[in-house]
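Containing PDB, C-alpha atoms and all ligand atoms: data34.pdb.
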```
ATOM      1  CA  MET K 234       9.610  15.360 -20.906  1.00  0.00           C
ATOM      2  CA  PRO K 235      10.629  11.812 -19.845  1.00  0.00           C
ATOM      3  CA  HIS K 236       8.007   9.517 -18.310  1.00  0.00           C
ATOM      4  CA  ILE K 237       8.268   6.727 -15.797  1.00  0.00           C
ATOM      5  CA  ASN K 238       5.857   4.078 -14.531  1.00  0.00           C
ATOM      6  CA  LEU K 239       5.697   4.165 -10.731  1.00  0.00           C
ATOM      7  CA  HIS K 240       3.439   1.495  -9.218  1.00  0.00           C
ATOM      8  CA  GLY K 241       1.290   1.544 -12.334  1.00  0.00           C
ATOM      9  CA  ARG K 242       1.030   5.300 -12.605  1.00  0.00           C
ATOM     10  CA  ASP K 243       2.517   7.216 -15.478  1.00  0.00           C
ATOM     11  CA  ILE K 244       4.578  10.084 -14.066  1.00  0.00           C
ATOM     12  CA  SER K 245       6.390  12.690 -16.143  1.00  0.00           C
ATOM     13  CA  TYR K 246       9.497  14.270 -14.696  1.00  0.00           C
ATOM     14  CA  GLU K 247      12.338  16.571 -15.599  1.00  0.00           C
ATOM     15  CA  ILE K 248      16.036  16.312 -14.906  1.00  0.00           C
ATOM     16  CA  GLU K 249      18.035  19.263 -13.702  1.00  0.00           C
ATOM     17  CA  TYR K 250      21.769  19.308 -13.281  1.00  0.00           C
ATOM     18  CA  ARG K 251      22.937  21.121 -10.185  1.00  0.00           C
ATOM     19  CA  PRO K 252      26.744  21.321 -10.346  1.00  0.00           C
ATOM     20  CA  ARG K 253      27.063  22.162  -6.678  1.00  0.00           C
ATOM     21  CA  ARG K 254      25.034  19.192  -5.422  1.00  0.00           C
ATOM     22  CA  ARG K 255      26.913  16.170  -4.094  1.00  0.00           C
ATOM     23  CA  HIS K 256      23.951  13.760  -4.005  1.00  0.00           C
ATOM     24  CA  PRO K 257      20.925  13.389  -6.228  1.00  0.00           C
ATOM     25  CA  ALA K 258      17.552  14.471  -4.894  1.00  0.00           C
ATOM     26  CA  ILE K 259      13.913  14.496  -5.907  1.00  0.00           C
ATOM     27  CA  GLN K 260      11.901  17.673  -5.755  1.00  0.00           C
ATOM     28  CA  ILE K 261       8.156  18.089  -6.190  1.00  0.00           C
ATOM     29  CA  THR K 262       7.034  21.587  -7.051  1.00  0.00           C
ATOM     30  CA  GLU K 263       3.839  23.259  -5.846  1.00  0.00           C
ATOM     31  CA  THR K 264       2.195  22.451  -9.162  1.00  0.00           C
ATOM     32  CA  GLY K 265       3.047  18.781  -8.835  1.00  0.00           C
ATOM     33  CA  GLN K 266       5.975  18.682 -11.241  1.00  0.00           C
ATOM     34  CA  VAL K 267       8.546  16.005 -10.373  1.00  0.00           C
ATOM     35  CA  ARG K 268      12.177  17.038 -10.720  1.00  0.00           C
ATOM     36  CA  VAL K 269      15.281  14.920 -10.304  1.00  0.00           C
ATOM     37  CA  LEU K 270      18.253  17.035  -9.256  1.00  0.00           C
ATOM     38  CA  LEU K 271      21.537  15.469 -10.301  1.00  0.00           C
ATOM     39  CA  PRO K 272      25.106  16.420  -9.434  1.00  0.00           C
ATOM     40  CA  ALA K 273      27.137  17.459 -12.482  1.00  0.00           C
ATOM     41  CA  GLU K 274      28.867  14.150 -13.183  1.00  0.00           C
ATOM     42  CA  TRP K 275      25.817  11.928 -12.610  1.00  0.00           C
ATOM     43  CA  PRO K 276      24.644   9.812 -15.575  1.00  0.00           C
ATOM     44  CA  THR K 277      21.157  10.784 -16.776  1.00  0.00           C
ATOM     45  CA  PRO K 278      19.679   7.229 -16.883  1.00  0.00           C
ATOM     46  CA  ASP K 279      20.204   7.026 -13.110  1.00  0.00           C
ATOM     47  CA  ALA K 280      17.233   9.360 -12.676  1.00  0.00           C
ATOM     48  CA  GLU K 281      14.897   6.391 -13.351  1.00  0.00           C
ATOM     49  CA  ARG K 282      16.468   4.277 -10.639  1.00  0.00           C
ATOM     50  CA  ILE K 283      16.374   7.191  -8.189  1.00  0.00           C
ATOM     51  CA  LEU K 284      12.646   7.635  -8.874  1.00  0.00           C
ATOM     52  CA  GLN K 285      11.921   3.883  -8.619  1.00  0.00           C
ATOM     53  CA  ASP K 286      13.725   3.728  -5.256  1.00  0.00           C
ATOM     54  CA  LYS K 287      11.514   6.534  -3.931  1.00  0.00           C
ATOM     55  CA  ALA K 288       8.338   5.543  -5.792  1.00  0.00           C
ATOM     56  CA  THR K 289       6.019   5.470  -2.794  1.00  0.00           C
ATOM     57  CA  TRP K 290       7.423   8.748  -1.520  1.00  0.00           C
ATOM     58  CA  VAL K 291       6.833  10.418  -4.892  1.00  0.00           C
ATOM     59  CA  LEU K 292       3.294   9.063  -5.195  1.00  0.00           C
ATOM     60  CA  ARG K 293       2.488  10.101  -1.661  1.00  0.00           C
ATOM     61  CA  HIS K 294       3.651  13.641  -2.255  1.00  0.00           C
ATOM     62  CA  LEU K 295       1.832  13.912  -5.557  1.00  0.00           C
ATOM     63  CA  ALA K 296      -1.362  12.890  -3.786  1.00  0.00           C
ATOM     64  CA  ILE K 297      -0.869  15.851  -1.458  1.00  0.00           C
ATOM     65  CA  VAL K 298      -0.239  18.443  -4.165  1.00  0.00           C
ATOM     66  CA  GLY K 299      -2.928  17.246  -6.555  1.00  0.00           C
ATOM     67  CA  PRO K 300      -5.161  14.354  -7.592  1.00  0.00           C
ATOM     68  CA  MET K 301      -3.415  11.406  -9.167  1.00  0.00           C
ATOM     69  CA  PRO K 302      -4.564  10.014 -12.494  1.00  0.00           C
ATOM     70  CA  PRO K 303      -6.581   6.808 -12.127  1.00  0.00           C
ATOM     71  CA  ALA K 304      -4.530   3.631 -12.172  1.00  0.00           C
ATOM     72  CA  VAL K 305      -4.323   2.069 -15.597  1.00  0.00           C
ATOM     73  CA  TRP K 306      -5.309  -1.594 -15.666  1.00  0.00           C
ATOM     74  CA  GLU K 307      -3.346  -3.129 -18.439  1.00  0.00           C
ATOM     75  CA  ASN K 308      -0.855  -5.908 -18.950  1.00  0.00           C
ATOM     76  CA  GLY K 309       2.415  -5.385 -17.139  1.00  0.00           C
ATOM     77  CA  GLN K 310       1.209  -3.076 -14.410  1.00  0.00           C
ATOM     78  CA  PRO K 311       2.091  -3.993 -10.835  1.00  0.00           C
ATOM     79  CA  VAL K 312      -0.445  -5.774  -8.641  1.00  0.00           C
ATOM     80  CA  TYR K 313       0.375  -6.029  -4.943  1.00  0.00           C
ATOM     81  CA  TRP K 314      -0.518  -8.975  -2.753  1.00  0.00           C
ATOM     82  CA  LEU K 315       0.855  -9.394   0.788  1.00  0.00           C
ATOM     83  CA  GLY K 316       3.535  -6.870  -0.078  1.00  0.00           C
ATOM     84  CA  HIS K 317       4.789  -8.761  -3.124  1.00  0.00           C
ATOM     85  CA  CYS K 318       4.668  -7.154  -6.529  1.00  0.00           C
ATOM     86  CA  TYR K 319       3.239  -9.159  -9.429  1.00  0.00           C
ATOM     87  CA  ARG K 320       2.882  -8.120 -13.051  1.00  0.00           C
ATOM     88  CA  LEU K 321      -0.640  -8.093 -14.373  1.00  0.00           C
ATOM     89  CA  ALA K 322      -1.169 -10.461 -17.319  1.00  0.00           C
ATOM     90  CA  TRP K 323      -4.489 -11.128 -19.000  1.00  0.00           C
ATOM     91  CA  ASP K 324      -4.637 -14.860 -19.652  1.00  0.00           C
ATOM     92  CA  PRO K 325      -7.131 -16.071 -22.282  1.00  0.00           C
ATOM     93  CA  ALA K 326      -6.456 -19.660 -21.144  1.00  0.00           C
ATOM     94  CA  LEU K 327      -8.381 -18.880 -17.948  1.00  0.00           C
ATOM     95  CA  LYS K 328     -11.899 -19.246 -19.264  1.00  0.00           C
ATOM     96  CA  ARG K 329     -13.807 -17.454 -16.553  1.00  0.00           C
ATOM     97  CA  PRO K 330     -13.123 -14.362 -14.417  1.00  0.00           C
ATOM     98  CA  SER K 331     -10.475 -15.620 -12.016  1.00  0.00           C
ATOM     99  CA  VAL K 332      -7.062 -14.727 -10.649  1.00  0.00           C
ATOM    100  CA  VAL K 333      -3.990 -16.948 -10.403  1.00  0.00           C
ATOM    101  CA  LEU K 334      -0.753 -15.761  -8.828  1.00  0.00           C
ATOM    102  CA  ASP K 335       2.429 -17.446  -9.900  1.00  0.00           C
ATOM    103  CA  GLU K 336       5.959 -16.415  -9.066  1.00  0.00           C
ATOM    104  CA  GLU K 337       6.004 -13.303 -11.203  1.00  0.00           C
ATOM    105  CA  TYR K 338       2.560 -12.767 -12.682  1.00  0.00           C
ATOM    106  CA  CYS K 339      -0.936 -12.035 -11.543  1.00  0.00           C
ATOM    107  CA  ARG K 340      -2.812 -13.866 -14.292  1.00  0.00           C
ATOM    108  CA  VAL K 341      -6.394 -12.784 -14.802  1.00  0.00           C
ATOM    109  CA  GLY K 342      -9.111 -14.519 -16.779  1.00  0.00           C
ATOM    110  CA  GLY K 343     -12.427 -13.225 -18.061  1.00  0.00           C
ATOM    111  CA  PRO K 344     -12.979 -10.084 -20.127  1.00  0.00           C
ATOM    112  CA  ALA K 345      -9.726  -8.119 -20.596  1.00  0.00           C
ATOM    113  CA  ASP K 346     -11.500  -4.811 -19.996  1.00  0.00           C
ATOM    114  CA  ALA K 347     -12.848  -6.051 -16.646  1.00  0.00           C
ATOM    115  CA  MET K 348      -9.493  -6.990 -15.074  1.00  0.00           C
ATOM    116  CA  LYS K 349      -9.753  -4.334 -12.386  1.00  0.00           C
ATOM    117  CA  PHE K 350     -13.220  -5.567 -11.413  1.00  0.00           C
ATOM    118  CA  THR K 351     -12.098  -9.220 -11.456  1.00  0.00           C
ATOM    119  CA  ILE K 352      -9.029  -8.534  -9.296  1.00  0.00           C
ATOM    120  CA  LYS K 353     -11.000  -6.486  -6.799  1.00  0.00           C
ATOM    121  CA  GLY K 354     -13.634  -9.206  -6.459  1.00  0.00           C
ATOM    122  CA  TRP K 355     -10.968 -11.846  -5.933  1.00  0.00           C
ATOM    123  CA  MET K 356      -9.060  -9.773  -3.366  1.00  0.00           C
ATOM    124  CA  ARG K 357     -12.229  -9.031  -1.390  1.00  0.00           C
ATOM    125  CA  GLN K 358     -13.168 -12.696  -1.364  1.00  0.00           C
ATOM    126  CA  GLU K 359      -9.715 -13.820  -0.200  1.00  0.00           C
ATOM    127  CA  ALA K 360      -9.724 -11.087   2.454  1.00  0.00           C
ATOM    128  CA  GLN K 361     -12.955 -12.496   3.949  1.00  0.00           C
ATOM    129  CA  VAL K 362     -11.024 -15.621   4.952  1.00  0.00           C
ATOM    130  CA  TYR K 363      -7.480 -14.355   5.471  1.00  0.00           C
ATOM    131  CA  LEU K 364      -8.051 -11.266   7.630  1.00  0.00           C
ATOM    132  CA  PRO K 365     -10.385 -12.852  10.227  1.00  0.00           C
ATOM    133  CA  ARG K 366      -8.025 -15.829  10.515  1.00  0.00           C
ATOM    134  CA  ARG K 367      -4.994 -13.579  11.055  1.00  0.00           C
ATOM    135  CA  LEU K 368      -6.938 -11.469  13.540  1.00  0.00           C
ATOM    136  CA  GLY K 369      -7.971 -14.676  15.325  1.00  0.00           C
ATOM    137  CA  GLU K 370      -4.321 -15.678  15.748  1.00  0.00           C
ATOM    138  CA  TRP K 371      -3.418 -12.307  17.263  1.00  0.00           C
ATOM    139  CA  ALA K 372      -6.528 -12.302  19.460  1.00  0.00           C
ATOM    140  CA  GLU K 373      -5.567 -15.656  20.892  1.00  0.00           C
ATOM    141  CA  HIS K 374      -1.978 -14.558  21.420  1.00  0.00           C
ATOM    142  CA  LEU K 375      -3.127 -11.422  23.257  1.00  0.00           C
ATOM    143  CA  ALA K 376      -6.017 -13.139  25.079  1.00  0.00           C
ATOM    144  CA  LEU K 377      -8.498 -10.685  23.601  1.00  0.00           C
ATOM    145  CA  ALA K 378     -11.863 -11.568  22.121  1.00  0.00           C
ATOM    146  CA  PRO K 379     -13.750  -9.348  19.673  1.00  0.00           C
ATOM    147  CA  SER K 380     -17.500  -9.966  19.626  1.00  0.00           C
ATOM    148  CA  ARG K 381     -17.504 -10.068  15.831  1.00  0.00           C
ATOM    149  CA  VAL K 382     -15.107  -9.498  12.927  1.00  0.00           C
ATOM    150  CA  LYS K 383     -16.099  -8.117   9.565  1.00  0.00           C
ATOM    151  CA  VAL K 384     -14.217  -7.264   6.398  1.00  0.00           C
ATOM    152  CA  GLY K 385     -15.344  -4.437   4.153  1.00  0.00           C
ATOM    153  CA  GLU K 386     -14.331  -1.452   2.099  1.00  0.00           C
ATOM    154  CA  TYR K 387     -13.912   1.810   3.983  1.00  0.00           C
ATOM    155  CA  LYS K 388     -12.852   4.979   2.232  1.00  0.00           C
ATOM    156  CA  THR K 389     -10.860   6.580   5.029  1.00  0.00           C
ATOM    157  CA  ARG K 390     -10.122   3.793   7.491  1.00  0.00           C
ATOM    158  CA  TRP K 391      -7.995   0.655   7.554  1.00  0.00           C
ATOM    159  CA  GLY K 392     -10.028  -0.723  10.393  1.00  0.00           C
ATOM    160  CA  TYR K 393     -12.095   0.210  13.394  1.00  0.00           C
ATOM    161  CA  CYS K 394     -13.252  -1.160  16.707  1.00  0.00           C
ATOM    162  CA  ARG K 395     -16.674  -0.480  18.196  1.00  0.00           C
ATOM    163  CA  SER K 396     -17.594  -0.309  21.863  1.00  0.00           C
ATOM    164  CA  ASP K 397     -19.654  -3.509  21.447  1.00  0.00           C
ATOM    165  CA  GLY K 398     -16.437  -5.343  20.526  1.00  0.00           C
ATOM    166  CA  LEU K 399     -16.926  -5.475  16.764  1.00  0.00           C
ATOM    167  CA  ILE K 400     -13.711  -5.126  14.751  1.00  0.00           C
ATOM    168  CA  ALA K 401     -13.822  -4.214  11.068  1.00  0.00           C
ATOM    169  CA  LEU K 402     -10.883  -4.489   8.675  1.00  0.00           C
ATOM    170  CA  ASN K 403     -10.432  -3.026   5.198  1.00  0.00           C
ATOM    171  CA  TRP K 404      -9.944  -5.700   2.508  1.00  0.00           C
ATOM    172  CA  ARG K 405      -7.311  -3.456   0.855  1.00  0.00           C
ATOM    173  CA  LEU K 406      -4.885  -4.437   3.620  1.00  0.00           C
ATOM    174  CA  MET K 407      -4.412  -7.718   1.733  1.00  0.00           C
ATOM    175  CA  GLN K 408      -2.122  -5.841  -0.654  1.00  0.00           C
ATOM    176  CA  ALA K 409       0.206  -4.624   2.092  1.00  0.00           C
ATOM    177  CA  PRO K 410       3.143  -6.474   3.649  1.00  0.00           C
ATOM    178  CA  GLN K 411       2.204  -8.718   6.564  1.00  0.00           C
ATOM    179  CA  SER K 412       3.987  -6.415   9.041  1.00  0.00           C
ATOM    180  CA  ILE K 413       1.685  -3.518   8.101  1.00  0.00           C
ATOM    181  CA  MET K 414      -1.448  -5.672   8.155  1.00  0.00           C
ATOM    182  CA  ASP K 415      -0.444  -6.955  11.597  1.00  0.00           C
ATOM    183  CA  TYR K 416      -0.034  -3.396  12.856  1.00  0.00           C
ATOM    184  CA  VAL K 417      -3.639  -2.552  11.916  1.00  0.00           C
ATOM    185  CA  ILE K 418      -4.914  -5.798  13.442  1.00  0.00           C
ATOM    186  CA  VAL K 419      -3.040  -5.264  16.723  1.00  0.00           C
ATOM    187  CA  HIS K 420      -4.122  -1.607  16.788  1.00  0.00           C
ATOM    188  CA  GLU K 421      -7.800  -2.568  16.566  1.00  0.00           C
ATOM    189  CA  LEU K 422      -7.454  -5.432  19.060  1.00  0.00           C
ATOM    190  CA  ILE K 423      -5.845  -3.110  21.634  1.00  0.00           C
ATOM    191  CA  HIS K 424      -8.913  -0.869  21.262  1.00  0.00           C
ATOM    192  CA  LEU K 425     -10.834  -3.652  23.002  1.00  0.00           C
ATOM    193  CA  ARG K 426      -8.866  -2.603  26.100  1.00  0.00           C
ATOM    194  CA  HIS K 427      -8.543   1.125  25.366  1.00  0.00           C
ATOM    195  CA  LEU K 428     -11.266   2.612  23.171  1.00  0.00           C
ATOM    196  CA  HIS K 429      -9.304   5.821  22.538  1.00  0.00           C
ATOM    197  CA  HIS K 430      -5.896   7.035  21.367  1.00  0.00           C
ATOM    198  CA  GLN K 431      -4.579   8.283  24.713  1.00  0.00           C
ATOM    199  CA  PRO K 432      -0.958   7.492  25.715  1.00  0.00           C
ATOM    200  CA  SER K 433      -2.128   4.372  27.570  1.00  0.00           C
ATOM    201  CA  PHE K 434      -3.432   2.994  24.277  1.00  0.00           C
ATOM    202  CA  TRP K 435      -0.148   3.581  22.420  1.00  0.00           C
ATOM    203  CA  GLN K 436       1.792   2.132  25.345  1.00  0.00           C
ATOM    204  CA  SER K 437      -0.201  -1.083  25.055  1.00  0.00           C
ATOM    205  CA  VAL K 438       0.402  -1.190  21.295  1.00  0.00           C
ATOM    206  CA  ALA K 439       4.146  -0.678  21.871  1.00  0.00           C
ATOM    207  CA  GLU K 440       4.237  -3.592  24.327  1.00  0.00           C
ATOM    208  CA  VAL K 441       3.029  -5.896  21.543  1.00  0.00           C
ATOM    209  CA  LEU K 442       4.792  -4.229  18.599  1.00  0.00           C
ATOM    210  CA  PRO K 443       7.809  -2.210  19.794  1.00  0.00           C
ATOM    211  CA  ASP K 444       8.355  -0.980  16.212  1.00  0.00           C
ATOM    212  CA  TYR K 445       4.736   0.094  15.685  1.00  0.00           C
ATOM    213  CA  GLN K 446       5.739   3.659  14.731  1.00  0.00           C
ATOM    214  CA  ALA K 447       7.816   2.435  11.807  1.00  0.00           C
ATOM    215  CA  ARG K 448       4.918   0.198  10.716  1.00  0.00           C
ATOM    216  CA  ARG K 449       2.493   3.102  10.979  1.00  0.00           C
ATOM    217  CA  GLN K 450       4.802   5.233   8.827  1.00  0.00           C
ATOM    218  CA  ALA K 451       5.153   2.393   6.322  1.00  0.00           C
ATOM    219  CA  LEU K 452       1.348   2.166   6.100  1.00  0.00           C
ATOM    220  CA  ARG K 453       1.217   5.845   5.150  1.00  0.00           C
ATOM    221  CA  GLU K 454       3.820   5.260   2.472  1.00  0.00           C
ATOM    222  CA  TRP K 455       1.897   2.303   1.097  1.00  0.00           C
ATOM    223  CA  GLU K 456      -1.394   4.194   0.930  1.00  0.00           C
ATOM    224  CA  PRO K 457      -1.074   5.352  -2.702  1.00  0.00           C
ATOM    225  CA  VAL K 458      -0.466   1.736  -3.696  1.00  0.00           C
ATOM    226  CA  LEU K 459      -3.298   0.247  -1.625  1.00  0.00           C
ATOM    227  CA  LYS K 460      -6.029   2.684  -2.663  1.00  0.00           C
ATOM    228  CA  TRP K 461      -7.320   2.491  -6.231  1.00  0.00           C
TER     229      TRP K 461
HETATM  230 ZN    ZN F   1      -7.410   3.525  16.544  1.00  0.00          ZN
END
```
Spit out the file's structure as structure tokens when you get a sec.
Amino acid sequence: MPHINLHGRDISYEIEYRPRRRHPAIQITETGQVRVLLPAEWPTPDAERILQDKATWVLRHLAIVGPMPPAVWENGQPVYWLGHCYRLAWDPALKRPSVVLDEEYCRVGGPADAMKFTIKGWMRQEAQVYLPRRLGEWAEHLALAPSRVKVGEYKTRWGYCRSDGLIALNWRLMQAPQSIMDYVIVHELIHLRHLHHQPSFWQSVAEVLPDYQARRQALREWEPVLKW
């Protein structure tokens, strides 16, 4: 069975020719098998491109039908930062555990078998500065003032707002495109006005981000990439 690397995960798939189809499609069976359905005249290598184009969709659906294998942390795998994809490269020239992003690579120093740990530590540290600053910009723009901002790791939430005005943000948002991060930030800031998800809350969100529904959907699609 052919394999493909989708966002760092090794996925096996099968190709089926369906002479009556006019367009290719991807199917995921109840057991989690990925199938690419190709019209009769379609070239087989195109299946890879079709899967790459729908990578987040495939990963999302696999997460629903069964647990995904843990991400492999080795050279060449994708690392996401502010929505950009970098290739992971262990760099022995970096003497201590550290991370350097250049145009194409996420270069990591320190022990090669601790790259995941090193990257996570670096991302969390960067998030402590970046997320509160970004939230501060939005707060000023919206004339809203949280009592406190904290950045942490939360298993099931991207952020939350407490009735005492504290806003918490998940460091994993640093991997997502700015537009998705901004949606979470605005969502939590609007909770300072509406501490619920009634229509009045969503109306306020829509006044700030008219395309918030598309951003919310994009966040769902990014989830398999952000969580590891
Ligand atoms: Zn909410």
### Task
Please identify every polymer residue within 12 Å of ligand ZN 1 (chain F), using all atoms listed in the file, and present the set as number ranges by chain.
K: 390-395, 400-402, 416-432, 434-435, 438, 449
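Here CA of Ile352 (chain K) stands at a distance of 6.6 Å from CA of Val332 (chain K).
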### Task
Extract, using all atoms listed in the file, all DNA, RNA and protein residues at most 12 Å from Arg282 (chain K), discarding same-chain residues fewer than 2 positions from it, and format them as a list in words.
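Everything that qualifies: Ile237, Asn238, Leu239, Pro257, Ala258, Ile259, Val269, Pro276, Thr277, Pro278, Asp279, Ala280, Leu284, Gln285, Asp286, Lys287 and Ala288 of chain K.
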### Task
Figure out the distance between CA of His294 (chain K) and CA of Tyr313 (chain K), please, to one decimal in Å.
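These two atoms are separated by 20.1 Å.
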### Message
Applying the PyMOL selection byres (((chain K and resi 240) around 9) and not hetatm) to the file I just gave you, which residues come out? Please list them as JSON, numbers by chain.
### Response
{"K": [238, 239, 241, 242, 243, 285, 288, 289, 292, 304, 310, 311, 312, 457, 458]}
### Query
With all atoms listed in the file as the basis for distance, which of K:Val384, K:Leu321, K:Ala409, K:Ala447 is at the shortest distance from Arg357 (chain K)?
K:Val384
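Between CA of Lys383 (chain K) and CA of Lys460 (chain K) lies a distance of 19.2 Å.
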What residues come out when you apply the PyMOL selection byres (((chain K and resi 337) around 7) and not hetatm) to this file, written as a PDB file with C-alpha atoms, in the coordinates of the input?
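Contents of selection-v7.pdb, as written:
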```
ATOM      1  CA  TYR K 319       3.239  -9.159  -9.429  1.00  0.00           C
ATOM      2  CA  ARG K 320       2.882  -8.120 -13.051  1.00  0.00           C
ATOM      3  CA  ASP K 335       2.429 -17.446  -9.900  1.00  0.00           C
ATOM      4  CA  GLU K 336       5.959 -16.415  -9.066  1.00  0.00           C
ATOM      5  CA  TYR K 338       2.560 -12.767 -12.682  1.00  0.00           C
TER       6      TYR K 338
END
```
### Task
Find the residues near Gly398 (chain K): any atom within 8 Å, counting only C-alpha atoms, skip ones fewer than 6 places away on the same chain, and give them as a VMD selection string.
chain K and resid 378 to 381 425
Can you write just those residues out, C-alpha atoms, as a PDB file, in the frame of the given file?
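Contents of part29.pdb, as written:
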```
ATOM      1  CA  ALA K 378     -11.863 -11.568  22.121  1.00  0.00           C
ATOM      2  CA  PRO K 379     -13.750  -9.348  19.673  1.00  0.00           C
ATOM      3  CA  SER K 380     -17.500  -9.966  19.626  1.00  0.00           C
ATOM      4  CA  ARG K 381     -17.504 -10.068  15.831  1.00  0.00           C
ATOM      5  CA  LEU K 425     -10.834  -3.652  23.002  1.00  0.00           C
TER       6      LEU K 425
END
```
### Task
Any chance you could resolve the PyMOL selection byres (((chain K and resi 256) around 10) and not hetatm) against this file and give the residues as a PyMOL selection string?
chain K and resi 251+253-255+257-258+270-273+275
Specify the axis-aligned box that encloses all atoms of region 267-281 of chain K listed in the file after padding of 4 Å on each side, stating its centre and edge lengths in Å to one decimal as JSON.
```
{"center_x": 18.7, "center_y": 11.9, "center_z": -13.1, "size_x": 28.3, "size_y": 19.1, "size_z": 15.6}
```
Neighbour residues at most 12 Å from (-4.4, -12.6, -19.3) (only C-alpha atoms) as a JSON list (two decimals) with C-alpha atoms, in the frame of the given file:
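In the end it all went to out.json:
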```json
[["chain", "number", "residue", "atom", "x", "y", "z"],
["K", 306, "TRP", "CA", -5.31, -1.59, -15.67],
["K", 307, "GLU", "CA", -3.35, -3.13, -18.44],
["K", 308, "ASN", "CA", -0.86, -5.91, -18.95],
["K", 309, "GLY", "CA", 2.42, -5.38, -17.14],
["K", 320, "ARG", "CA", 2.88, -8.12, -13.05],
["K", 321, "LEU", "CA", -0.64, -8.09, -14.37],
["K", 322, "ALA", "CA", -1.17, -10.46, -17.32],
["K", 323, "TRP", "CA", -4.49, -11.13, -19.00],
["K", 324, "ASP", "CA", -4.64, -14.86, -19.65],
["K", 325, "PRO", "CA", -7.13, -16.07, -22.28],
["K", 326, "ALA", "CA", -6.46, -19.66, -21.14],
["K", 327, "LEU", "CA", -8.38, -18.88, -17.95],
["K", 328, "LYS", "CA", -11.90, -19.25, -19.26],
["K", 329, "ARG", "CA", -13.81, -17.45, -16.55],
["K", 330, "PRO", "CA", -13.12, -14.36, -14.42],
["K", 331, "SER", "CA", -10.48, -15.62, -12.02],
["K", 332, "VAL", "CA", -7.06, -14.73, -10.65],
["K", 333, "VAL", "CA", -3.99, -16.95, -10.40],
["K", 334, "LEU", "CA", -0.75, -15.76, -8.83],
["K", 338, "TYR", "CA", 2.56, -12.77, -12.68],
["K", 339, "CYS", "CA", -0.94, -12.04, -11.54],
["K", 340, "ARG", "CA", -2.81, -13.87, -14.29],
["K", 341, "VAL", "CA", -6.39, -12.78, -14.80],
["K", 342, "GLY", "CA", -9.11, -14.52, -16.78],
["K", 343, "GLY", "CA", -12.43, -13.22, -18.06],
["K", 344, "PRO", "CA", -12.98, -10.08, -20.13],
["K", 345, "ALA", "CA", -9.73, -8.12, -20.60],
["K", 346, "ASP", "CA", -11.50, -4.81, -20.00],
["K", 347, "ALA", "CA", -12.85, -6.05, -16.65],
["K", 348, "MET", "CA", -9.49, -6.99, -15.07],
["K", 351, "THR", "CA", -12.10, -9.22, -11.46],
["K", 352, "ILE", "CA", -9.03, -8.53, -9.30]]
```
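Comparing K:Asp397, K:Glu281, K:Glu370, K:Glu247 by their smallest distance to Gly265 (chain K), the closest is K:Glu247 (using all atoms listed in the file).
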### Query
In terms of the shortest atom-to-atom distance over all atoms listed in the file, which of K:Ser412, K:Thr262, K:Ser396, K:Thr389 is closest to Leu442 (chain K)?
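Checking each of K:Ser412, K:Thr262, K:Ser396, K:Thr389 against Leu442 (chain K), counting all atoms listed in the file, the winner is K:Ser412.
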### Message
Could you check the closest approach to Trp371 (chain K) for each of K:Glu274, K:Trp290, K:Val441, K:Gln260 and tell me which residue wins, using all atoms listed in the file?
### Response
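Smallest separation from Trp371 (chain K) among the options: K:Val441.
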### Task
Find the residues near Trp314 (chain K): any atom within 9 Å, counting only C-alpha atoms, skip ones fewer than 5 places away on the same chain, and give them as an MDAnalysis selection string.
chainID K and resid 319 356 406:410
